[in-house]
>>> print(open('my_file_14.cif').read())   # mmCIF, C-alpha atoms (C1' of nucleotides)
data_run
#
loop_
_atom_site.label_atom_id
_atom_site.label_comp_id
_atom_site.auth_asym_id
_atom_site.auth_seq_id
_atom_site.Cartn_x
_atom_site.Cartn_y
_atom_site.Cartn_z
CA MET U 1 -19.77 37.20 9.04
CA PRO U 2 -22.93 35.65 10.40
CA LYS U 3 -23.36 36.05 14.17
CA THR U 4 -24.48 32.44 14.21
CA SER U 5 -20.93 31.35 13.46
CA LEU U 6 -19.98 27.85 14.50
CA ASP U 7 -18.81 27.33 18.05
CA PHE U 8 -15.84 25.02 17.92
CA LEU U 9 -15.30 25.14 21.69
CA ALA U 10 -18.19 22.84 22.59
CA SER U 11 -17.75 19.10 23.16
CA ALA U 12 -16.51 17.06 20.22
CA PRO U 13 -19.84 15.23 19.60
CA GLU U 14 -21.72 18.52 19.90
CA VAL U 15 -19.54 20.30 17.34
CA THR U 16 -19.69 17.23 15.15
CA ARG U 17 -23.49 17.17 15.23
CA ARG U 18 -23.74 20.87 14.46
CA LEU U 19 -21.51 20.58 11.40
CA ILE U 20 -24.14 18.45 9.65
CA GLY U 21 -25.80 20.70 7.11
CA ALA U 22 -22.98 23.25 7.15
CA THR U 23 -21.48 24.30 3.84
CA LEU U 24 -17.80 23.64 3.23
CA LEU U 25 -15.95 25.04 0.23
CA VAL U 26 -12.27 24.99 -0.74
CA HIS U 27 -11.47 27.45 -3.50
CA GLY U 28 -15.22 27.58 -4.09
CA VAL U 29 -15.48 23.81 -4.54
CA GLY U 30 -17.53 21.62 -2.23
CA GLY U 31 -21.05 21.51 -0.85
CA ARG U 32 -23.11 20.57 2.18
CA ILE U 33 -21.62 18.39 4.90
CA VAL U 34 -23.83 15.31 5.36
CA GLU U 35 -21.64 12.97 7.44
CA THR U 36 -19.16 13.56 10.28
CA GLU U 37 -17.44 11.73 13.13
CA ALA U 38 -16.20 13.01 16.51
CA TYR U 39 -12.79 12.20 17.98
CA ASP U 40 -11.68 13.35 21.42
CA ARG U 41 -8.56 13.21 23.57
CA GLU U 42 -9.85 10.55 25.97
CA ASP U 43 -10.90 8.42 23.02
CA PRO U 44 -8.92 5.28 22.19
CA ALA U 45 -9.96 5.56 18.54
CA SER U 46 -8.55 9.08 18.19
CA HIS U 47 -5.17 9.98 16.73
CA SER U 48 -4.75 12.35 19.70
CA PHE U 49 -5.27 9.59 22.29
CA SER U 50 -1.58 8.98 22.90
CA GLY U 51 -0.55 12.61 22.92
CA PRO U 52 1.02 14.91 20.34
CA THR U 53 3.21 13.55 17.55
CA LEU U 54 4.55 15.17 14.40
CA ARG U 55 1.60 13.84 12.44
CA ASN U 56 -1.26 14.86 14.75
CA ALA U 57 0.21 18.18 15.91
CA ALA U 58 -2.60 20.18 14.29
CA MET U 59 -5.14 18.40 16.49
CA PHE U 60 -3.53 20.14 19.44
CA GLY U 61 -3.50 23.49 17.65
CA PRO U 62 -6.21 26.17 17.62
CA PRO U 63 -9.87 25.21 17.04
CA ALA U 64 -11.61 25.77 13.70
CA HIS U 65 -8.35 24.83 12.00
CA THR U 66 -7.77 21.80 9.80
CA TYR U 67 -6.05 18.52 10.60
CA VAL U 68 -5.18 16.60 7.45
CA TYR U 69 -3.67 13.13 7.71
CA ARG U 70 -2.72 10.32 5.38
CA SER U 71 -4.88 7.26 5.74
CA TYR U 72 -3.59 3.77 5.02
CA GLY U 73 -0.71 5.36 3.15
CA ILE U 74 -2.95 6.30 0.24
CA HIS U 75 -5.71 8.78 0.96
CA TRP U 76 -5.94 12.19 2.62
CA CYS U 77 -8.59 12.79 5.26
CA LEU U 78 -9.84 16.16 6.48
CA ASN U 79 -10.66 16.95 10.11
CA LEU U 80 -11.70 20.18 11.79
CA VAL U 81 -10.12 20.81 15.18
CA CYS U 82 -12.48 21.58 18.05
CA ARG U 83 -12.40 22.42 21.80
CA GLU U 84 -9.77 24.74 23.17
CA GLU U 85 -6.24 24.89 21.79
CA GLY U 86 -4.10 22.07 23.15
CA HIS U 87 -7.00 19.74 23.93
CA GLY U 88 -6.69 17.38 20.95
CA ALA U 89 -10.23 16.88 19.61
CA GLY U 90 -11.55 16.99 16.09
CA VAL U 91 -14.29 16.24 13.60
CA LEU U 92 -13.66 13.95 10.63
CA ILE U 93 -15.50 15.13 7.52
CA ARG U 94 -16.81 11.86 6.08
CA ALA U 95 -19.17 12.92 3.30
CA ILE U 96 -20.40 16.00 1.44
CA GLU U 97 -23.33 16.59 -0.88
CA PRO U 98 -21.64 18.04 -3.98
CA LEU U 99 -23.03 21.47 -4.87
CA GLU U 100 -20.28 23.79 -6.14
CA GLY U 101 -17.52 23.11 -8.67
CA MET U 102 -18.99 19.83 -9.86
CA ASP U 103 -16.89 19.69 -13.03
CA LEU U 104 -13.65 20.12 -11.11
CA MET U 105 -14.67 17.48 -8.57
CA ARG U 106 -15.59 15.02 -11.34
CA GLU U 107 -12.24 15.67 -12.99
CA ARG U 108 -10.27 15.18 -9.76
CA ARG U 109 -12.15 11.99 -8.94
CA GLY U 110 -12.15 10.67 -12.51
CA LEU U 111 -15.81 9.83 -12.02
CA GLU U 112 -19.18 10.93 -13.34
CA GLU U 113 -21.37 9.53 -10.58
CA ILE U 114 -22.27 12.48 -8.34
CA ARG U 115 -23.39 10.28 -5.47
CA LEU U 116 -19.85 8.89 -5.08
CA LEU U 117 -17.88 12.13 -5.57
CA CYS U 118 -17.61 12.89 -1.85
CA ALA U 119 -19.09 9.78 -0.15
CA GLY U 120 -16.20 8.92 2.20
CA PRO U 121 -13.39 10.84 3.90
CA GLY U 122 -10.76 9.99 1.29
CA ARG U 123 -13.14 10.87 -1.50
CA VAL U 124 -14.00 14.21 0.09
CA ALA U 125 -10.33 15.14 0.27
CA GLN U 126 -9.70 14.11 -3.32
CA ALA U 127 -12.72 15.98 -4.69
CA LEU U 128 -11.89 19.15 -2.77
CA GLY U 129 -8.20 18.99 -3.66
CA ILE U 130 -7.09 18.55 -0.01
CA SER U 131 -3.57 17.36 0.76
CA SER U 132 -0.91 17.83 3.44
CA ALA U 133 -0.50 21.38 2.12
CA HIS U 134 -3.86 22.14 3.73
CA ASN U 135 -2.92 20.91 7.20
CA ALA U 136 -3.28 23.27 10.21
CA MET U 137 -5.02 25.99 8.20
CA ALA U 138 -7.78 28.27 9.51
CA THR U 139 -11.20 27.44 8.09
CA SER U 140 -12.36 31.04 8.46
CA VAL U 141 -10.16 32.42 5.68
CA PRO U 142 -9.54 31.50 2.01
CA PRO U 143 -9.18 29.07 0.42
CA PHE U 144 -11.66 27.74 2.97
CA LYS U 145 -15.24 28.82 3.42
CA LEU U 146 -17.44 27.40 6.15
CA LEU U 147 -21.08 28.44 6.54
CA PRO U 148 -23.21 27.30 9.50
CA ALA U 149 -26.06 24.86 8.96
CA PRO U 150 -29.63 26.12 8.79
CA ALA U 151 -31.62 25.75 12.00
CA LYS U 152 -33.86 22.86 11.06
CA VAL U 153 -31.59 20.03 9.92
CA LYS U 154 -32.51 16.49 10.93
CA VAL U 155 -29.48 14.68 12.25
CA ILE U 156 -29.11 10.97 12.96
CA SER U 157 -26.25 9.21 14.76
CA GLY U 158 -24.62 5.83 15.11
CA PRO U 159 -21.34 4.05 15.77
CA ARG U 160 -18.25 5.24 13.93
CA ILE U 161 -16.83 3.43 10.92
CA GLY U 162 -13.53 1.62 10.54
CA ILE U 163 -12.53 1.60 14.20
CA SER U 164 -12.18 -1.26 16.67
CA LYS U 165 -12.36 0.64 19.96
CA ALA U 166 -15.06 2.67 21.68
CA MET U 167 -17.66 1.10 19.43
CA ASP U 168 -20.38 1.94 21.93
CA GLN U 169 -20.15 5.68 21.40
CA PRO U 170 -22.59 6.97 18.74
CA TRP U 171 -20.18 9.59 17.48
CA ARG U 172 -20.98 9.30 13.79
CA PHE U 173 -23.55 11.84 12.63
CA GLY U 174 -25.44 12.18 9.36
CA LEU U 175 -28.09 14.17 7.59
CA GLU U 176 -31.28 12.12 7.74
CA GLY U 177 -32.33 10.75 4.37
CA SER U 178 -29.26 11.95 2.48
CA ARG U 179 -28.22 9.79 -0.44
CA PHE U 180 -24.65 11.10 -0.29
CA LEU U 181 -23.59 9.20 2.85
CA SER U 182 -20.56 6.91 2.71
CA ARG U 183 -22.73 4.20 4.26
CA PRO U 184 -26.30 4.13 5.54
CA PHE U 185 -27.21 4.42 9.21
CA ARG U 186 -29.20 1.58 10.70
"C1'" DT O 1 0.81 -5.08 13.34
"C1'" DA O 2 -3.19 -2.40 13.18
"C1'" DA O 3 -5.02 1.57 11.43
"C1'" DC O 4 -10.55 7.62 11.24
"C1'" DC O 5 -10.00 3.95 3.52
"C1'" DG O 6 -11.14 3.20 -1.67
"C1'" DA O 7 -11.45 0.37 -5.87
"C1'" DT O 8 -12.50 -3.91 -7.33
"C1'" DT O 9 -14.52 -8.35 -7.29
"C1'" DA O 10 -17.69 -11.87 -5.89
"C1'" DG O 11 -21.65 -13.09 -3.67
"C1'" DC O 12 -26.35 -12.09 -1.92
"C1'" DT O 13 -31.57 -10.20 -1.60
"C1'" DG Q 1 -29.89 -2.73 -5.20
"C1'" DC Q 2 -26.64 -4.36 -1.43
"C1'" DT Q 3 -22.60 -6.60 1.67
"C1'" DA Q 4 -18.05 -8.96 2.53
"C1'" DA Q 5 -13.48 -9.84 1.25
"C1'" DT Q 6 -8.97 -8.48 -0.68
"C1'" DC Q 7 -5.20 -5.61 -1.42
"C1'" DG Q 8 -2.64 -1.54 -1.64
"C1'" DG Q 9 0.83 2.43 1.13
"C1'" DT Q 10 2.33 5.00 5.37
"C1'" DT Q 11 2.50 5.81 10.19
"C1'" DA Q 12 3.30 4.90 14.82
"C1'" DA Q 13 2.64 2.07 18.98
#
>>> encode(input="my_file_14.cif", output="structure tokens")
Amino acid sequence: MPKTSLDFLASAPEVTRRLIGATLLVHGVGGRIVETEAYDREDPASHSFSGPTLRNAAMFGPPAHTYVYRSYGIHWCLNLVCREEGHGAGVLIRAIEPLEGMDLMRERRGLEEIRLLCAGPGRVAQALGISSAHNAMATSVPPFKLLPAPAKVKVISGPRIGISKAMDQPWRFGLEGSRFLSRPFR
DNA sequence: TAACCGATTAGCT
DNA sequence: GCTAATCGGTTAA
């Protein structure tokens, strides 16, 4: 229990930036977070924008918990809830540098190429074995393990991917120079 | 009908 | 090496 534990109560972009470089494991499988995106309540691109529904309920639950949703009817995507309970903000985990449980991740993804194992939110969820069963769970207890980033990570930012609103907000964050990003920053 | 996307294909530098 | 286009499913406005 490091005293430098992550503060999920800060603003969504702040929490999102600080998650870059953090280590995320599920049942000991995962690695270092290298790409994230912020979503907030007053944010037309956020699932929480129009208030609570059955699907996004976890976004309005306690911080440091998960919000898992189905994307385009096919993939699962993992978010971490931030700000105070009931606010409706979260961080989308977009890419991870694979470090632990490589064999299991390769098997789940049906892929050898390490660079593409977790390069994208749907890919992250598949490699880590995330599904709706992992929705609204605390990240501080098993099967989850979340370790804060080291002090000196270099973070870059840019517009979010796959949205058509609030394009002006640079709420996508990445680890500078990482080759495990879903797409490069420019 | 548009979405917090991935695999594939076709084209480019 | 890269980008753009296409299509596949569910959800919810």
>>> closest_atom_pairs(input="my_file_14.cif", of="chain U", to="chain Q", cutoff="10 Å", atoms="all atoms listed in the file", output="JSON lines")
{"residue": "U:Ser50", "atom": "CA", "partner": "Q:DA13", "partner_atom": "C1'", "distance": 9.0}
{"residue": "U:Thr53", "atom": "CA", "partner": "Q:DA12", "partner_atom": "C1'", "distance": 9.1}
{"residue": "U:Arg55", "atom": "CA", "partner": "Q:DT11", "partner_atom": "C1'", "distance": 8.4}
{"residue": "U:Tyr69", "atom": "CA", "partner": "Q:DT11", "partner_atom": "C1'", "distance": 9.9}
{"residue": "U:Arg70", "atom": "CA", "partner": "Q:DT10", "partner_atom": "C1'", "distance": 7.3}
{"residue": "U:Ser71", "atom": "CA", "partner": "Q:DT10", "partner_atom": "C1'", "distance": 7.6}
{"residue": "U:Tyr72", "atom": "CA", "partner": "Q:DG9", "partner_atom": "C1'", "distance": 6.0}
{"residue": "U:Gly73", "atom": "CA", "partner": "Q:DT10", "partner_atom": "C1'", "distance": 3.8}
{"residue": "U:Ile74", "atom": "CA", "partner": "Q:DG9", "partner_atom": "C1'", "distance": 5.5}
{"residue": "U:His75", "atom": "CA", "partner": "Q:DG9", "partner_atom": "C1'", "distance": 9.1}
>>> write_last_selection(input="my_file_14.cif", atoms="C-alpha atoms", output="short mmCIF file (atom, residue, chain, number, x, y, z; two decimals), in the coordinates of the input")
data_model
loop_
_atom_site.label_atom_id
_atom_site.label_comp_id
_atom_site.auth_asym_id
_atom_site.auth_seq_id
_atom_site.Cartn_x
_atom_site.Cartn_y
_atom_site.Cartn_z
CA SER U 50 -1.58 8.98 22.90
CA THR U 53 3.21 13.55 17.55
CA ARG U 55 1.60 13.84 12.44
CA TYR U 69 -3.67 13.13 7.71
CA ARG U 70 -2.72 10.32 5.38
CA SER U 71 -4.88 7.26 5.74
CA TYR U 72 -3.59 3.77 5.02
CA GLY U 73 -0.71 5.36 3.15
CA ILE U 74 -2.95 6.30 0.24
CA HIS U 75 -5.71 8.78 0.96
#
>>> atom_distance(input="my_file_14.cif", atom1="CA of Gly88 in chain U", atom2="CA of Lys154 in chain U")
27.7 Å
>>> closest_atom_pairs(input="my_file_14.cif", of="chain U", to="chain O", cutoff="12 Å", atoms="all atoms listed in the file", output="CSV")
residue,atom,partner,partner_atom,distance
U:Thr36,CA,O:DC4,C1',10.5
U:Glu37,CA,O:DC4,C1',8.2
U:Ala38,CA,O:DC4,C1',9.4
U:Tyr39,CA,O:DC4,C1',8.5
U:Asp40,CA,O:DC4,C1',11.7
U:Asp43,CA,O:DC4,C1',11.8
U:Pro44,CA,O:DC4,C1',11.3
U:Ala45,CA,O:DC4,C1',7.6
U:Ser46,CA,O:DC4,C1',7.4
U:His47,CA,O:DC4,C1',8.0
U:Ser48,CA,O:DC4,C1',11.3
U:Tyr67,CA,O:DC4,C1',11.8
U:Val68,CA,O:DC4,C1',11.1
U:Tyr69,CA,O:DC4,C1',9.5
U:Arg70,CA,O:DC5,C1',9.9
U:Ser71,CA,O:DC5,C1',6.5
U:Tyr72,CA,O:DC5,C1',6.6
U:Gly73,CA,O:DC5,C1',9.4
U:Ile74,CA,O:DC5,C1',8.1
U:His75,CA,O:DC5,C1',6.9
U:Trp76,CA,O:DC5,C1',9.2
U:Cys77,CA,O:DC4,C1',8.1
U:Leu78,CA,O:DC4,C1',9.8
U:Asn79,CA,O:DC4,C1',9.4
U:Gly90,CA,O:DC4,C1',10.6
U:Val91,CA,O:DC4,C1',9.7
U:Leu92,CA,O:DC4,C1',7.1
U:Ile93,CA,O:DC4,C1',9.7
U:Arg94,CA,O:DC4,C1',9.2
U:Arg109,CA,O:DG6,C1',11.5
U:Leu116,CA,O:DG6,C1',10.9
U:Leu117,CA,O:DG6,C1',11.8
U:Cys118,CA,O:DG6,C1',11.7
U:Ala119,CA,O:DG6,C1',10.4
U:Gly120,CA,O:DC5,C1',8.1
U:Pro121,CA,O:DC5,C1',7.7
U:Gly122,CA,O:DC5,C1',6.5
U:Arg123,CA,O:DG6,C1',7.9
U:Val124,CA,O:DG6,C1',11.5
U:Ala125,CA,O:DC5,C1',11.7
U:Gln126,CA,O:DG6,C1',11.1
U:Arg160,CA,O:DC4,C1',8.5
U:Ile161,CA,O:DC4,C1',7.6
U:Gly162,CA,O:DC4,C1',6.7
U:Ile163,CA,O:DC4,C1',7.0
U:Ser164,CA,O:DA3,C1',9.3
U:Lys165,CA,O:DA3,C1',11.3
U:Trp171,CA,O:DC4,C1',11.6
U:Arg172,CA,O:DC4,C1',10.9
U:Ser182,CA,O:DC5,C1',11.0
>>> atom_distance(input="my_file_14.cif", atom1="CA of Glu113 in chain U", atom2="CA of Gly30 in chain U")
15.2 Å
>>> atom_distance(input="my_file_14.cif", atom1="CA of Ser11 in chain U", atom2="CA of Ser178 in chain U")
24.7 Å
>>> resolve_selection(input="my_file_14.cif", expression="the PyMOL selection byres ((chain U and resi 143-153) around 9)", output="PyMOL selection string")
chain U and resi 2+4-6+18-28+32-33+137-142+154-155+175-176
>>> axis_aligned_box(input="my_file_14.cif", around="range 6-13 of chain Q", padding_each_side="6 Å", output="JSON")
{"center_x": -2.8, "center_y": -1.3, "center_z": 8.7, "size_x": 24.3, "size_y": 26.3, "size_z": 32.6}
